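See below for the structure under consideration.
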Amino acid sequence: MVREVRDVREVVREVPQEAARTPLTAEEELRSRSVFATEIGAQLARQGWAVFPAHTPEERIRLFAVARIIEERLGCRVEAVPQDIVSMRFTVVGAAHEVGPAAGGAGQLDD
């Protein structure tokens, strides 16, 4: 028995969209920047450089803002530049970099 179809939508199902992005709320954005600044800042304090993933233009913009947060926390200039198409490299610029447990303590980086 053949069923008559009056509307194509009866037989075609909707396919979920790939990589549909949901923007962060203002509070989520602030929290994510703070967490990234703490993680990246701790690595910068230990070794003077860090690499962090950035797959989208939005993520790169966010990481440029994170570099400014880290500058305030560490008290020195931090450069953020694309390393390749999927990551950003952070570098402490200027004064001699002190390496050691005292410079890398996570407690020093918290607000």
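Just remember, in the structure tokens the first chain shown is A, the second B, etc., residues are 1-based per chain, and ligands are 1-based in the order shown.
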
Residues within 8 Å of Ala80 of chain A, please, as a VMD selection string. Count only C-alpha atoms; anything in the same chain fewer than 5 positions from it doesn't count. chain A and resid 63 to 64 67 88 to 91

Give me, as a PDB file with all heavy atoms, in the first residue's frame, the residues of segment 18-91 of chain A that a backbone DSSP run labels strand (DSSP E or B).
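Just written: selection_34.pdb:
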```pdb
ATOM      1  N   TRP A  49      56.534  32.066  29.559  1.00  0.00           N
ATOM      2  CA  TRP A  49      55.744  31.919  28.329  1.00  0.00           C
ATOM      3  C   TRP A  49      54.683  30.837  28.543  1.00  0.00           C
ATOM      4  O   TRP A  49      54.784  30.017  29.454  1.00  0.00           O
ATOM      5  CB  TRP A  49      56.609  31.560  27.121  1.00  0.00           C
ATOM      6  CG  TRP A  49      57.311  30.236  27.275  1.00  0.00           C
ATOM      7  CD1 TRP A  49      58.514  30.013  27.895  1.00  0.00           C
ATOM      8  CD2 TRP A  49      56.844  28.960  26.847  1.00  0.00           C
ATOM      9  NE1 TRP A  49      58.821  28.670  27.869  1.00  0.00           N
ATOM     10  CE2 TRP A  49      57.811  27.992  27.234  1.00  0.00           C
ATOM     11  CE3 TRP A  49      55.706  28.521  26.183  1.00  0.00           C
ATOM     12  CZ2 TRP A  49      57.665  26.640  26.961  1.00  0.00           C
ATOM     13  CZ3 TRP A  49      55.573  27.176  25.919  1.00  0.00           C
ATOM     14  CH2 TRP A  49      56.545  26.252  26.298  1.00  0.00           C
ATOM     15  N   ALA A  50      53.645  30.857  27.687  1.00  0.00           N
ATOM     16  CA  ALA A  50      52.584  29.854  27.740  1.00  0.00           C
ATOM     17  C   ALA A  50      51.913  29.795  26.375  1.00  0.00           C
ATOM     18  O   ALA A  50      51.905  30.772  25.627  1.00  0.00           O
ATOM     19  CB  ALA A  50      51.555  30.211  28.810  1.00  0.00           C
ATOM     20  N   VAL A  51      51.365  28.639  26.053  1.00  0.00           N
ATOM     21  CA  VAL A  51      50.585  28.464  24.824  1.00  0.00           C
ATOM     22  C   VAL A  51      49.208  27.984  25.242  1.00  0.00           C
ATOM     23  O   VAL A  51      49.078  27.113  26.108  1.00  0.00           O
ATOM     24  CB  VAL A  51      51.257  27.444  23.869  1.00  0.00           C
ATOM     25  CG1 VAL A  51      50.378  27.185  22.651  1.00  0.00           C
ATOM     26  CG2 VAL A  51      52.622  27.959  23.433  1.00  0.00           C
ATOM     27  N   PHE A  52      48.171  28.558  24.634  1.00  0.00           N
ATOM     28  CA  PHE A  52      46.798  28.218  24.996  1.00  0.00           C
ATOM     29  C   PHE A  52      45.982  28.082  23.714  1.00  0.00           C
ATOM     30  O   PHE A  52      46.149  28.869  22.783  1.00  0.00           O
ATOM     31  CB  PHE A  52      46.218  29.329  25.880  1.00  0.00           C
ATOM     32  CG  PHE A  52      45.058  28.891  26.710  1.00  0.00           C
ATOM     33  CD1 PHE A  52      45.248  28.188  27.893  1.00  0.00           C
ATOM     34  CD2 PHE A  52      43.765  29.195  26.321  1.00  0.00           C
ATOM     35  CE1 PHE A  52      44.176  27.793  28.673  1.00  0.00           C
ATOM     36  CE2 PHE A  52      42.684  28.803  27.091  1.00  0.00           C
ATOM     37  CZ  PHE A  52      42.893  28.096  28.266  1.00  0.00           C
ATOM     38  N   PRO A  53      45.068  27.098  23.637  1.00  0.00           N
ATOM     39  CA  PRO A  53      44.288  26.904  22.413  1.00  0.00           C
ATOM     40  C   PRO A  53      43.324  28.060  22.142  1.00  0.00           C
ATOM     41  O   PRO A  53      42.753  28.628  23.070  1.00  0.00           O
ATOM     42  CB  PRO A  53      43.523  25.602  22.667  1.00  0.00           C
ATOM     43  CG  PRO A  53      43.539  25.405  24.131  1.00  0.00           C
ATOM     44  CD  PRO A  53      44.740  26.113  24.658  1.00  0.00           C
ATOM     45  N   ARG A  77      54.464  43.560  31.538  1.00  0.00           N
ATOM     46  CA  ARG A  77      53.880  43.483  30.193  1.00  0.00           C
ATOM     47  C   ARG A  77      53.789  42.039  29.730  1.00  0.00           C
ATOM     48  O   ARG A  77      54.733  41.264  29.874  1.00  0.00           O
ATOM     49  CB  ARG A  77      54.745  44.283  29.224  1.00  0.00           C
ATOM     50  CG  ARG A  77      54.334  44.204  27.792  1.00  0.00           C
ATOM     51  CD  ARG A  77      53.544  45.433  27.386  1.00  0.00           C
ATOM     52  NE  ARG A  77      53.364  45.459  25.950  1.00  0.00           N
ATOM     53  CZ  ARG A  77      52.371  44.831  25.313  1.00  0.00           C
ATOM     54  NH1 ARG A  77      51.512  44.129  25.984  1.00  0.00           N
ATOM     55  NH2 ARG A  77      52.261  44.907  24.006  1.00  0.00           N
ATOM     56  N   VAL A  78      52.612  41.672  29.162  1.00  0.00           N
ATOM     57  CA  VAL A  78      52.386  40.335  28.620  1.00  0.00           C
ATOM     58  C   VAL A  78      51.951  40.482  27.171  1.00  0.00           C
ATOM     59  O   VAL A  78      51.008  41.216  26.864  1.00  0.00           O
ATOM     60  CB  VAL A  78      51.311  39.576  29.425  1.00  0.00           C
ATOM     61  CG1 VAL A  78      50.978  38.242  28.771  1.00  0.00           C
ATOM     62  CG2 VAL A  78      51.767  39.362  30.855  1.00  0.00           C
ATOM     63  N   GLU A  79      52.637  39.800  26.281  1.00  0.00           N
ATOM     64  CA  GLU A  79      52.319  39.824  24.857  1.00  0.00           C
ATOM     65  C   GLU A  79      51.550  38.562  24.493  1.00  0.00           C
ATOM     66  O   GLU A  79      51.932  37.457  24.885  1.00  0.00           O
ATOM     67  CB  GLU A  79      53.608  39.895  24.052  1.00  0.00           C
ATOM     68  CG  GLU A  79      53.399  40.015  22.568  1.00  0.00           C
ATOM     69  CD  GLU A  79      54.725  40.138  21.848  1.00  0.00           C
ATOM     70  OE1 GLU A  79      55.494  39.144  21.844  1.00  0.00           O
ATOM     71  OE2 GLU A  79      54.997  41.217  21.306  1.00  0.00           O
ATOM     72  N   ALA A  80      50.445  38.723  23.762  1.00  0.00           N
ATOM     73  CA  ALA A  80      49.658  37.589  23.274  1.00  0.00           C
ATOM     74  C   ALA A  80      49.641  37.660  21.751  1.00  0.00           C
ATOM     75  O   ALA A  80      49.163  38.641  21.183  1.00  0.00           O
ATOM     76  CB  ALA A  80      48.243  37.633  23.820  1.00  0.00           C
ATOM     77  N   VAL A  81      50.181  36.630  21.091  1.00  0.00           N
ATOM     78  CA  VAL A  81      50.229  36.600  19.629  1.00  0.00           C
ATOM     79  C   VAL A  81      49.802  35.221  19.137  1.00  0.00           C
ATOM     80  O   VAL A  81      50.045  34.217  19.805  1.00  0.00           O
ATOM     81  CB  VAL A  81      51.644  36.926  19.087  1.00  0.00           C
ATOM     82  CG1 VAL A  81      52.037  38.346  19.423  1.00  0.00           C
ATOM     83  CG2 VAL A  81      52.666  35.963  19.616  1.00  0.00           C
ATOM     84  N   PRO A  82      49.169  35.162  17.968  1.00  0.00           N
ATOM     85  CA  PRO A  82      48.827  33.845  17.417  1.00  0.00           C
ATOM     86  C   PRO A  82      50.104  33.047  17.147  1.00  0.00           C
ATOM     87  O   PRO A  82      51.047  33.568  16.546  1.00  0.00           O
ATOM     88  CB  PRO A  82      48.108  34.174  16.112  1.00  0.00           C
ATOM     89  CG  PRO A  82      47.654  35.593  16.262  1.00  0.00           C
ATOM     90  CD  PRO A  82      48.670  36.252  17.135  1.00  0.00           C
ATOM     91  N   GLN A  83      50.138  31.819  17.620  1.00  0.00           N
ATOM     92  CA  GLN A  83      51.282  30.943  17.346  1.00  0.00           C
ATOM     93  C   GLN A  83      51.056  30.181  16.052  1.00  0.00           C
ATOM     94  O   GLN A  83      51.955  30.008  15.257  1.00  0.00           O
ATOM     95  CB  GLN A  83      51.501  29.961  18.493  1.00  0.00           C
ATOM     96  CG  GLN A  83      52.650  29.013  18.208  1.00  0.00           C
ATOM     97  CD  GLN A  83      53.068  28.218  19.422  1.00  0.00           C
ATOM     98  OE1 GLN A  83      53.117  28.754  20.513  1.00  0.00           O
ATOM     99  NE2 GLN A  83      53.368  26.966  19.226  1.00  0.00           N
ATOM    100  N   ASP A  84      49.845  29.715  15.867  1.00  0.00           N
ATOM    101  CA  ASP A  84      49.438  29.031  14.647  1.00  0.00           C
ATOM    102  C   ASP A  84      47.929  29.200  14.535  1.00  0.00           C
ATOM    103  O   ASP A  84      47.359  30.021  15.247  1.00  0.00           O
ATOM    104  CB  ASP A  84      49.870  27.548  14.664  1.00  0.00           C
ATOM    105  CG  ASP A  84      49.413  26.819  15.910  1.00  0.00           C
ATOM    106  OD1 ASP A  84      48.321  27.124  16.432  1.00  0.00           O
ATOM    107  OD2 ASP A  84      50.141  25.936  16.372  1.00  0.00           O
ATOM    108  N   SER A  87      46.234  28.230  18.182  1.00  0.00           N
ATOM    109  CA  SER A  87      46.752  28.553  19.515  1.00  0.00           C
ATOM    110  C   SER A  87      47.357  29.953  19.580  1.00  0.00           C
ATOM    111  O   SER A  87      47.750  30.526  18.571  1.00  0.00           O
ATOM    112  CB  SER A  87      47.781  27.518  19.959  1.00  0.00           C
ATOM    113  OG  SER A  87      48.883  27.507  19.091  1.00  0.00           O
ATOM    114  N   MET A  88      47.383  30.470  20.809  1.00  0.00           N
ATOM    115  CA  MET A  88      47.981  31.762  21.098  1.00  0.00           C
ATOM    116  C   MET A  88      49.176  31.541  22.014  1.00  0.00           C
ATOM    117  O   MET A  88      49.144  30.686  22.889  1.00  0.00           O
ATOM    118  CB  MET A  88      46.982  32.672  21.817  1.00  0.00           C
ATOM    119  CG  MET A  88      45.744  33.024  21.014  1.00  0.00           C
ATOM    120  SD  MET A  88      46.050  34.273  19.768  1.00  0.00           S
ATOM    121  CE  MET A  88      46.208  35.717  20.786  1.00  0.00           C
ATOM    122  N   ARG A  89      50.209  32.344  21.811  1.00  0.00           N
ATOM    123  CA  ARG A  89      51.403  32.265  22.661  1.00  0.00           C
ATOM    124  C   ARG A  89      51.473  33.529  23.504  1.00  0.00           C
ATOM    125  O   ARG A  89      51.385  34.638  22.986  1.00  0.00           O
ATOM    126  CB  ARG A  89      52.661  32.128  21.816  1.00  0.00           C
ATOM    127  CG  ARG A  89      53.925  32.018  22.651  1.00  0.00           C
ATOM    128  CD  ARG A  89      55.151  31.852  21.769  1.00  0.00           C
ATOM    129  NE  ARG A  89      56.359  31.802  22.553  1.00  0.00           N
ATOM    130  CZ  ARG A  89      56.869  30.702  23.089  1.00  0.00           C
ATOM    131  NH1 ARG A  89      56.259  29.545  22.915  1.00  0.00           N
ATOM    132  NH2 ARG A  89      57.978  30.744  23.789  1.00  0.00           N
ATOM    133  N   PHE A  90      51.630  33.333  24.793  1.00  0.00           N
ATOM    134  CA  PHE A  90      51.769  34.422  25.750  1.00  0.00           C
ATOM    135  C   PHE A  90      53.217  34.484  26.189  1.00  0.00           C
ATOM    136  O   PHE A  90      53.821  33.454  26.485  1.00  0.00           O
ATOM    137  CB  PHE A  90      50.885  34.178  26.974  1.00  0.00           C
ATOM    138  CG  PHE A  90      49.412  34.218  26.670  1.00  0.00           C
ATOM    139  CD1 PHE A  90      48.781  33.116  26.124  1.00  0.00           C
ATOM    140  CD2 PHE A  90      48.669  35.350  26.926  1.00  0.00           C
ATOM    141  CE1 PHE A  90      47.424  33.142  25.840  1.00  0.00           C
ATOM    142  CE2 PHE A  90      47.314  35.386  26.648  1.00  0.00           C
ATOM    143  CZ  PHE A  90      46.690  34.284  26.100  1.00  0.00           C
ATOM    144  N   THR A  91      53.764  35.699  26.257  1.00  0.00           N
ATOM    145  CA  THR A  91      55.158  35.881  26.646  1.00  0.00           C
ATOM    146  C   THR A  91      55.261  37.071  27.583  1.00  0.00           C
ATOM    147  O   THR A  91      54.627  38.098  27.355  1.00  0.00           O
ATOM    148  CB  THR A  91      56.033  36.151  25.412  1.00  0.00           C
ATOM    149  OG1 THR A  91      55.794  35.149  24.434  1.00  0.00           O
ATOM    150  CG2 THR A  91      57.505  36.151  25.762  1.00  0.00           C
TER     151      THR A  91
END
```

Nearest to Leu24 of chain A by atom-to-atom distance, counting only C-alpha atoms, from A:Glu59, A:Val66, A:Gly75, A:Val93: A:Glu59
